[in-house]
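J.: Dropping the structure in here first, questions after.
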Amino acid sequence: MTAETAVGGPAVGMPLRRRVPLGPNGPLGMIVDPMTWRAVPYMLVSVFYGAVCSAFMASAIPVALSLVIVWAGLPLLALTMCAWRAAAMLERRLVRLAFGVTIRDPYRPSQGDNLFLRWKDMFVDPATWKDLLYLLLLLPIGVVEFVVSVALWCLGLGMIIVPTVLLFGGNPVTITDGLLVDSAPEALLCVPVGVGVLLVALYATRGMGWICTAISATE
């Protein structure tokens with residue numbers, strides 16, 4: 001695929017960093033940049049969207065292939081291909097909505113004058129199979145990003161509120177296995193550590209969003 005900075009203008013020869021903007025430098029710039037926070041719902045949507053696409057293809061493709069021998073599977077296979085190409089098109093629109101990067105649909109124009117020839121052109125188009133591979137990878141990539149993001153944000157926020165929990169709860173606070181906070185100095189030390197973890201979470205969230213966009217742009 002070719003990434004574009006605006007509709008109708010291909011970014012030929014443009015470095016990936018400029019095609020897929022990373023946003024302002026520095027923690028403050030990352031915090032105030034709306035694109036950083038658009039990466040969060042995009043990751044949540046990607047997990048759900050990847051699960052739906054994977055479930056559909058895991059059921060439709062085997063059924064279509066099993067029916068090809070009696071020819072009934074050919075129309076079903078053609079419809080399945082159209083469905084996964086449409087799903088890939090929608091994913092590219094989601095990337096544009098989340099990160100402001102327009103990705104041009106990479107399909108070869110069909111020269112066929114009937115449905116069979118058009119399906120043949122779609123079948124031999126490499127972009128069709130790249131779409132399938134990308135959609136199959138969408139779920140595992142989305143799960144990894146979601147787990148990493150949730151772990152970092154929860155750990156950072158949890159460490160920041162440790163002094164409050166220790167003060168009002170009166171009981172030692174267990175952060176992780178083997179890490180027990182049972183004194184005021186230790187609790188206060190958790191605050192700057194938690195802030196540091198949140199900064200890591202901020203950059204990780206934005207960075208993983210950038211990775212997703214870069215993969216889509218080079219699909």
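Residue numbers start at 1 in each chain; chains themselves are named A, B, ... in the order of the structure tokens; ligands are numbered from 1 in the order shown.
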Would you mind writing down, as a PyMOL selection string, each residue of chain A that DSSP on the backbone assigns to strand (DSSP E or B)?

T.: chain A and resi 2-6+9-10+102-104+173-176+179-181

J.: Go ahead and save the picked residues with all heavy atoms, as a short mmCIF file (atom, residue, chain, number, x, y, z; two decimals), in the first residue's frame.

T.:
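To be explicit, this is the file written out as result.cif:
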data_model
loop_
_atom_site.label_atom_id
_atom_site.label_comp_id
_atom_site.auth_asym_id
_atom_site.auth_seq_id
_atom_site.Cartn_x
_atom_site.Cartn_y
_atom_site.Cartn_z
N THR A 2 0.25 2.32 -0.42
CA THR A 2 0.96 3.59 -0.39
C THR A 2 0.25 4.53 0.57
O THR A 2 -0.96 4.74 0.46
CB THR A 2 0.98 4.24 -1.79
OG1 THR A 2 1.63 3.34 -2.67
CG2 THR A 2 1.74 5.55 -1.75
N ALA A 3 0.98 5.05 1.51
CA ALA A 3 0.38 5.98 2.46
C ALA A 3 0.31 7.36 1.85
O ALA A 3 1.15 7.76 1.07
CB ALA A 3 1.20 6.02 3.75
N GLU A 4 -0.70 8.11 2.20
CA GLU A 4 -0.88 9.47 1.72
C GLU A 4 -1.09 10.39 2.90
O GLU A 4 -1.71 10.04 3.88
CB GLU A 4 -2.11 9.55 0.79
CG GLU A 4 -2.01 8.62 -0.42
CD GLU A 4 -3.30 8.60 -1.21
OE1 GLU A 4 -4.24 9.28 -0.77
OE2 GLU A 4 -3.37 7.91 -2.22
N THR A 5 -0.56 11.58 2.77
CA THR A 5 -0.77 12.58 3.82
C THR A 5 -2.08 13.32 3.64
O THR A 5 -2.57 13.94 4.55
CB THR A 5 0.39 13.58 3.83
OG1 THR A 5 0.51 14.14 2.51
CG2 THR A 5 1.68 12.90 4.18
N ALA A 6 -2.65 13.27 2.45
CA ALA A 6 -3.95 13.87 2.19
C ALA A 6 -4.61 13.07 1.09
O ALA A 6 -3.95 12.42 0.30
CB ALA A 6 -3.80 15.34 1.77
N GLY A 9 -3.23 12.58 -2.73
CA GLY A 9 -1.82 12.92 -2.88
C GLY A 9 -0.92 11.85 -2.36
O GLY A 9 -0.71 11.77 -1.16
N PRO A 10 -0.37 10.96 -3.21
CA PRO A 10 0.48 9.88 -2.71
C PRO A 10 1.77 10.41 -2.16
O PRO A 10 2.35 11.36 -2.66
CB PRO A 10 0.71 9.02 -3.97
CG PRO A 10 0.50 9.95 -5.11
CD PRO A 10 -0.52 10.93 -4.66
N THR A 102 -4.05 8.54 5.45
CA THR A 102 -4.87 7.93 4.43
C THR A 102 -4.05 6.89 3.67
O THR A 102 -2.96 7.18 3.19
CB THR A 102 -5.40 8.99 3.44
OG1 THR A 102 -6.16 9.96 4.16
CG2 THR A 102 -6.27 8.34 2.38
N ILE A 103 -4.59 5.68 3.57
CA ILE A 103 -3.91 4.59 2.89
C ILE A 103 -4.73 4.21 1.67
O ILE A 103 -5.88 3.79 1.78
CB ILE A 103 -3.72 3.37 3.80
CG1 ILE A 103 -2.98 3.78 5.08
CG2 ILE A 103 -2.97 2.26 3.09
CD1 ILE A 103 -2.91 2.69 6.12
N ARG A 104 -4.14 4.36 0.52
CA ARG A 104 -4.85 4.10 -0.73
C ARG A 104 -5.08 2.61 -0.91
O ARG A 104 -4.20 1.79 -0.64
CB ARG A 104 -4.03 4.65 -1.90
CG ARG A 104 -4.74 4.60 -3.25
CD ARG A 104 -3.93 5.32 -4.29
NE ARG A 104 -2.59 4.75 -4.40
CZ ARG A 104 -1.59 5.32 -5.09
NH1 ARG A 104 -1.78 6.48 -5.66
NH2 ARG A 104 -0.42 4.74 -5.16
N VAL A 173 0.67 -3.02 51.36
CA VAL A 173 0.15 -3.09 49.99
C VAL A 173 1.06 -3.97 49.16
O VAL A 173 2.28 -3.75 49.12
CB VAL A 173 0.06 -1.69 49.36
CG1 VAL A 173 -0.46 -1.79 47.93
CG2 VAL A 173 -0.85 -0.78 50.19
N THR A 174 0.49 -4.97 48.52
CA THR A 174 1.25 -5.84 47.64
C THR A 174 1.10 -5.34 46.21
O THR A 174 -0.02 -5.32 45.66
CB THR A 174 0.75 -7.29 47.73
OG1 THR A 174 0.86 -7.74 49.08
CG2 THR A 174 1.56 -8.20 46.83
N ILE A 175 2.21 -4.94 45.60
CA ILE A 175 2.18 -4.44 44.23
C ILE A 175 2.30 -5.60 43.24
O ILE A 175 1.49 -5.76 42.33
CB ILE A 175 3.31 -3.42 44.00
CG1 ILE A 175 3.11 -2.22 44.92
CG2 ILE A 175 3.35 -2.97 42.54
CD1 ILE A 175 4.20 -1.18 44.83
N THR A 176 3.30 -6.42 43.42
CA THR A 176 3.47 -7.64 42.64
C THR A 176 3.96 -8.72 43.59
O THR A 176 4.26 -8.46 44.76
CB THR A 176 4.50 -7.45 41.49
OG1 THR A 176 5.77 -7.09 42.05
CG2 THR A 176 4.04 -6.38 40.52
N LEU A 179 6.85 -8.09 46.12
CA LEU A 179 7.05 -6.65 46.33
C LEU A 179 5.95 -6.14 47.26
O LEU A 179 4.80 -5.96 46.85
CB LEU A 179 7.02 -5.89 45.00
CG LEU A 179 7.29 -4.38 45.09
CD1 LEU A 179 8.62 -4.09 45.76
CD2 LEU A 179 7.25 -3.76 43.69
N LEU A 180 6.31 -5.94 48.53
CA LEU A 180 5.37 -5.53 49.56
C LEU A 180 5.77 -4.16 50.10
O LEU A 180 6.92 -3.92 50.45
CB LEU A 180 5.35 -6.55 50.70
CG LEU A 180 4.34 -6.32 51.82
CD1 LEU A 180 2.92 -6.52 51.30
CD2 LEU A 180 4.62 -7.28 52.98
N VAL A 181 4.81 -3.25 50.14
CA VAL A 181 5.05 -1.89 50.66
C VAL A 181 4.33 -1.79 52.01
O VAL A 181 3.10 -1.88 52.08
CB VAL A 181 4.51 -0.82 49.69
CG1 VAL A 181 4.72 0.57 50.28
CG2 VAL A 181 5.19 -0.95 48.34
#

J.: Determine, counting only C-alpha atoms, which protein, DNA and RNA residues have an atom within 6 Å of an atom of region 45-49 of chain A; residues of the same chain fewer than 3 positions away are not included. Present the result as a PyMOL selection string.

T.: chain A and resi 42+52+139+142-143

J.: Go ahead and write the selection's residues with N, CA and C atoms as a short mmCIF file (atom, residue, chain, number, x, y, z; two decimals), in the first residue's frame.

T.:
data_model
loop_
_atom_site.label_atom_id
_atom_site.label_comp_id
_atom_site.auth_asym_id
_atom_site.auth_seq_id
_atom_site.Cartn_x
_atom_site.Cartn_y
_atom_site.Cartn_z
N TYR A 42 -8.48 2.90 19.40
CA TYR A 42 -8.14 2.13 18.20
C TYR A 42 -7.67 0.73 18.59
N VAL A 52 -13.54 -10.72 15.28
CA VAL A 52 -14.66 -10.95 14.37
C VAL A 52 -14.16 -11.45 13.02
N LEU A 139 -5.68 -9.93 15.04
CA LEU A 139 -6.08 -10.35 16.39
C LEU A 139 -4.88 -10.56 17.31
N GLY A 142 -3.31 -7.23 18.08
CA GLY A 142 -4.17 -6.43 18.94
C GLY A 142 -4.18 -6.92 20.37
N VAL A 143 -4.15 -8.23 20.58
CA VAL A 143 -4.14 -8.79 21.93
C VAL A 143 -2.86 -8.40 22.66
#

J.: DSSP on the backbone, helix (DSSP H, G or I) only: what residues of region 50-123 of chain A does that give? Format it as a ChimeraX atom specification.

T.: /A:50-70,73-99,115-123

J.: Could those residues be written to a file, using C-alpha atoms, as a JSON list (two decimals), in the first residue's frame?

T.:
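Saved to result-v3.json:
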[["chain", "number", "residue", "atom", "x", "y", "z"],
["A", 50, "GLY", "CA", -9.60, -8.83, 14.64],
["A", 51, "ALA", "CA", -11.62, -11.39, 16.62],
["A", 52, "VAL", "CA", -14.66, -10.95, 14.37],
["A", 53, "CYS", "CA", -12.57, -11.20, 11.18],
["A", 54, "SER", "CA", -10.69, -14.27, 12.42],
["A", 55, "ALA", "CA", -13.91, -16.04, 13.44],
["A", 56, "PHE", "CA", -15.51, -15.29, 10.08],
["A", 57, "MET", "CA", -12.56, -16.46, 8.00],
["A", 58, "ALA", "CA", -11.98, -19.53, 10.17],
["A", 59, "SER", "CA", -15.52, -20.67, 9.37],
["A", 60, "ALA", "CA", -16.17, -19.35, 5.85],
["A", 61, "ILE", "CA", -12.89, -20.31, 4.14],
["A", 62, "PRO", "CA", -12.86, -24.02, 5.13],
["A", 63, "VAL", "CA", -16.53, -24.40, 4.15],
["A", 64, "ALA", "CA", -15.95, -22.76, 0.77],
["A", 65, "LEU", "CA", -12.86, -24.85, 0.06],
["A", 66, "SER", "CA", -14.64, -28.06, 1.04],
["A", 67, "LEU", "CA", -17.47, -27.28, -1.42],
["A", 68, "VAL", "CA", -15.19, -26.32, -4.33],
["A", 69, "ILE", "CA", -15.06, -29.97, -5.43],
["A", 70, "VAL", "CA", -18.78, -29.84, -6.24],
["A", 73, "GLY", "CA", -17.95, -23.55, -3.17],
["A", 74, "LEU", "CA", -16.71, -21.26, -5.96],
["A", 75, "PRO", "CA", -19.43, -18.59, -5.51],
["A", 76, "LEU", "CA", -19.01, -18.87, -1.74],
["A", 77, "LEU", "CA", -15.23, -18.50, -2.04],
["A", 78, "ALA", "CA", -15.69, -15.46, -4.29],
["A", 79, "LEU", "CA", -18.06, -13.89, -1.77],
["A", 80, "THR", "CA", -15.61, -14.67, 1.06],
["A", 81, "MET", "CA", -12.80, -12.92, -0.84],
["A", 82, "CYS", "CA", -15.01, -9.89, -1.39],
["A", 83, "ALA", "CA", -15.84, -9.90, 2.32],
["A", 84, "TRP", "CA", -12.23, -9.97, 3.51],
["A", 85, "ARG", "CA", -11.23, -7.27, 1.02],
["A", 86, "ALA", "CA", -14.09, -5.13, 2.31],
["A", 87, "ALA", "CA", -12.92, -5.81, 5.88],
["A", 88, "ALA", "CA", -9.39, -4.70, 4.96],
["A", 89, "MET", "CA", -10.79, -1.55, 3.35],
["A", 90, "LEU", "CA", -12.69, -0.77, 6.54],
["A", 91, "GLU", "CA", -9.54, -1.29, 8.61],
["A", 92, "ARG", "CA", -7.70, 1.24, 6.45],
["A", 93, "ARG", "CA", -10.54, 3.72, 7.09],
["A", 94, "LEU", "CA", -10.20, 3.09, 10.84],
["A", 95, "VAL", "CA", -6.47, 3.85, 10.60],
["A", 96, "ARG", "CA", -7.26, 7.13, 8.86],
["A", 97, "LEU", "CA", -9.84, 8.02, 11.51],
["A", 98, "ALA", "CA", -7.47, 7.22, 14.38],
["A", 99, "PHE", "CA", -4.15, 8.53, 13.08],
["A", 115, "LEU", "CA", -18.42, -11.61, -12.86],
["A", 116, "PHE", "CA", -16.21, -14.64, -13.51],
["A", 117, "LEU", "CA", -13.38, -12.58, -15.09],
["A", 118, "ARG", "CA", -13.61, -10.00, -12.32],
["A", 119, "TRP", "CA", -13.35, -12.73, -9.71],
["A", 120, "LYS", "CA", -10.33, -14.18, -11.55],
["A", 121, "ASP", "CA", -8.64, -10.76, -11.49],
["A", 122, "MET", "CA", -9.39, -10.51, -7.78],
["A", 123, "PHE", "CA", -8.00, -14.02, -7.18]]

J.: Please identify all polymer residues within 12 Å of Leu199 (chain A), counting only C-alpha atoms, omitting same-chain residues fewer than 6 positions from it, and present them as a list in words.

T.: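 Contacts, in chain order: Gly26, Pro27, Leu28, Gly29, Met30, Ile31, Ser149, Leu152, Trp153, Leu155, Gly156, Leu157, Pro192, Val193, Thr205 and Arg206 of chain A.
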
J.: For C-alpha atoms, I'd like the residues from the last selection saved as a short mmCIF file (atom, residue, chain, number, x, y, z; two decimals), in the first residue's frame.

T.:
data_model
loop_
_atom_site.label_atom_id
_atom_site.label_comp_id
_atom_site.auth_asym_id
_atom_site.auth_seq_id
_atom_site.Cartn_x
_atom_site.Cartn_y
_atom_site.Cartn_z
CA GLY A 26 8.50 15.14 24.91
CA PRO A 27 6.00 13.83 27.49
CA LEU A 28 3.92 17.04 27.55
CA GLY A 29 3.61 17.07 23.79
CA MET A 30 2.54 13.43 23.80
CA ILE A 31 -0.07 14.10 26.51
CA SER A 149 -1.07 -1.23 27.50
CA LEU A 152 1.55 -0.58 32.10
CA TRP A 153 -1.33 1.80 32.80
CA LEU A 155 0.80 -0.66 37.24
CA GLY A 156 1.57 3.07 36.96
CA LEU A 157 -1.75 4.22 38.39
CA PRO A 192 7.72 8.87 41.26
CA VAL A 193 8.17 5.27 40.13
CA THR A 205 0.65 3.31 23.63
CA ARG A 206 1.61 5.86 21.03
#

J.: For Val32 (chain A), which of A:Cys212, A:Pro126, A:Leu202, A:Pro163 is the closest residue, counting only C-alpha atoms?

T.: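 Closest to Val32 (chain A) of all the choices is A:Leu202.
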
J.: Suppose you want the space between CA of Ala204 (chain A) and CA of Val165 (chain A); what is it in Å?

T.: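 For CA of Ala204 (chain A) relative to CA of Val165 (chain A), the distance reads 27.0 Å.
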
J.: If you measure from CA of Val144 (chain A) to CA of Leu132 (chain A), what distance in Å do you get, rounded to one decimal?

T.: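 CA of Val144 (chain A) sits 19.6 Å away from CA of Leu132 (chain A).
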
J.: Work out how far apart CA of Cys154 (chain A) and CA of Val197 (chain A) are and give it in Å to one decimal.

T.: 9.5 Å

J.: Using only C-alpha atoms, which residues sit within 10 Å of Phe146 (chain A) once same-chain residues fewer than 5 positions away are excluded, as a list in words?

T.: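 Result of the neighbour search: Val40, Met43, Leu44, Ser46, Val47, Pro140, Ile141, Ala151, Thr205 and Met208 of chain A.
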
J.: For the selection just defined, write its residues with all heavy atoms to a file, as a PDB file, in the first residue's frame.

T.:
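Contents of selection_29.pdb, freshly written:
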ATOM      1  N   VAL A  40      -5.688   4.746  21.901  1.00  0.00           N
ATOM      2  CA  VAL A  40      -6.269   3.855  22.916  1.00  0.00           C
ATOM      3  C   VAL A  40      -7.555   3.196  22.415  1.00  0.00           C
ATOM      4  O   VAL A  40      -7.663   1.965  22.414  1.00  0.00           O
ATOM      5  CB  VAL A  40      -6.499   4.612  24.233  1.00  0.00           C
ATOM      6  CG1 VAL A  40      -7.188   3.720  25.250  1.00  0.00           C
ATOM      7  CG2 VAL A  40      -5.171   5.133  24.784  1.00  0.00           C
ATOM      8  N   MET A  43      -6.868   0.616  19.634  1.00  0.00           N
ATOM      9  CA  MET A  43      -6.402  -0.699  20.077  1.00  0.00           C
ATOM     10  C   MET A  43      -7.552  -1.570  20.560  1.00  0.00           C
ATOM     11  O   MET A  43      -7.604  -2.773  20.286  1.00  0.00           O
ATOM     12  CB  MET A  43      -5.357  -0.541  21.183  1.00  0.00           C
ATOM     13  CG  MET A  43      -4.036   0.013  20.701  1.00  0.00           C
ATOM     14  SD  MET A  43      -2.848   0.168  22.049  1.00  0.00           S
ATOM     15  CE  MET A  43      -1.521   1.028  21.199  1.00  0.00           C
ATOM     16  N   LEU A  44      -8.498  -0.944  21.277  1.00  0.00           N
ATOM     17  CA  LEU A  44      -9.654  -1.702  21.746  1.00  0.00           C
ATOM     18  C   LEU A  44     -10.494  -2.191  20.572  1.00  0.00           C
ATOM     19  O   LEU A  44     -10.940  -3.343  20.543  1.00  0.00           O
ATOM     20  CB  LEU A  44     -10.504  -0.827  22.670  1.00  0.00           C
ATOM     21  CG  LEU A  44      -9.843  -0.374  23.969  1.00  0.00           C
ATOM     22  CD1 LEU A  44     -10.768   0.573  24.731  1.00  0.00           C
ATOM     23  CD2 LEU A  44      -9.486  -1.569  24.840  1.00  0.00           C
ATOM     24  N   SER A  46      -9.414  -2.680  17.538  1.00  0.00           N
ATOM     25  CA  SER A  46      -8.641  -3.645  16.756  1.00  0.00           C
ATOM     26  C   SER A  46      -8.773  -5.056  17.321  1.00  0.00           C
ATOM     27  O   SER A  46      -8.849  -6.032  16.561  1.00  0.00           O
ATOM     28  CB  SER A  46      -7.161  -3.234  16.708  1.00  0.00           C
ATOM     29  OG  SER A  46      -6.986  -2.076  15.931  1.00  0.00           O
ATOM     30  N   VAL A  47      -8.796  -5.169  18.656  1.00  0.00           N
ATOM     31  CA  VAL A  47      -8.946  -6.497  19.262  1.00  0.00           C
ATOM     32  C   VAL A  47     -10.297  -7.095  18.883  1.00  0.00           C
ATOM     33  O   VAL A  47     -10.389  -8.256  18.442  1.00  0.00           O
ATOM     34  CB  VAL A  47      -8.802  -6.408  20.791  1.00  0.00           C
ATOM     35  CG1 VAL A  47      -9.120  -7.749  21.434  1.00  0.00           C
ATOM     36  CG2 VAL A  47      -7.389  -5.979  21.166  1.00  0.00           C
ATOM     37  N   PRO A 140      -3.863 -11.382  16.932  1.00  0.00           N
ATOM     38  CA  PRO A 140      -2.734 -11.543  17.861  1.00  0.00           C
ATOM     39  C   PRO A 140      -1.983 -10.245  18.138  1.00  0.00           C
ATOM     40  O   PRO A 140      -1.570 -10.000  19.276  1.00  0.00           O
ATOM     41  CB  PRO A 140      -1.836 -12.569  17.157  1.00  0.00           C
ATOM     42  CG  PRO A 140      -2.279 -12.604  15.741  1.00  0.00           C
ATOM     43  CD  PRO A 140      -3.729 -12.253  15.746  1.00  0.00           C
ATOM     44  N   ILE A 141      -1.835  -9.410  17.126  1.00  0.00           N
ATOM     45  CA  ILE A 141      -1.162  -8.121  17.340  1.00  0.00           C
ATOM     46  C   ILE A 141      -1.988  -7.259  18.296  1.00  0.00           C
ATOM     47  O   ILE A 141      -1.454  -6.636  19.226  1.00  0.00           O
ATOM     48  CB  ILE A 141      -0.943  -7.387  16.008  1.00  0.00           C
ATOM     49  CG1 ILE A 141       0.094  -8.125  15.158  1.00  0.00           C
ATOM     50  CG2 ILE A 141      -0.476  -5.950  16.248  1.00  0.00           C
ATOM     51  CD1 ILE A 141       0.288  -7.534  13.780  1.00  0.00           C
ATOM     52  N   ALA A 151      -1.440  -3.495  31.240  1.00  0.00           N
ATOM     53  CA  ALA A 151      -0.494  -3.793  32.314  1.00  0.00           C
ATOM     54  C   ALA A 151       0.278  -2.546  32.736  1.00  0.00           C
ATOM     55  O   ALA A 151       0.425  -2.263  33.944  1.00  0.00           O
ATOM     56  CB  ALA A 151       0.467  -4.896  31.874  1.00  0.00           C
ATOM     57  N   THR A 205       1.947   3.230  24.296  1.00  0.00           N
ATOM     58  CA  THR A 205       0.653   3.306  23.629  1.00  0.00           C
ATOM     59  C   THR A 205       0.767   3.991  22.283  1.00  0.00           C
ATOM     60  O   THR A 205       0.269   3.511  21.264  1.00  0.00           O
ATOM     61  CB  THR A 205      -0.363   4.048  24.516  1.00  0.00           C
ATOM     62  OG1 THR A 205      -0.504   3.353  25.755  1.00  0.00           O
ATOM     63  CG2 THR A 205      -1.709   4.148  23.832  1.00  0.00           C
ATOM     64  N   MET A 208       2.923   1.782  19.857  1.00  0.00           N
ATOM     65  CA  MET A 208       2.229   0.627  19.290  1.00  0.00           C
ATOM     66  C   MET A 208       1.195   1.063  18.262  1.00  0.00           C
ATOM     67  O   MET A 208       0.973   0.374  17.258  1.00  0.00           O
ATOM     68  CB  MET A 208       1.587  -0.198  20.406  1.00  0.00           C
ATOM     69  CG  MET A 208       2.594  -0.974  21.231  1.00  0.00           C
ATOM     70  SD  MET A 208       1.870  -2.072  22.465  1.00  0.00           S
ATOM     71  CE  MET A 208       1.162  -0.875  23.603  1.00  0.00           C
TER      72      MET A 208
END
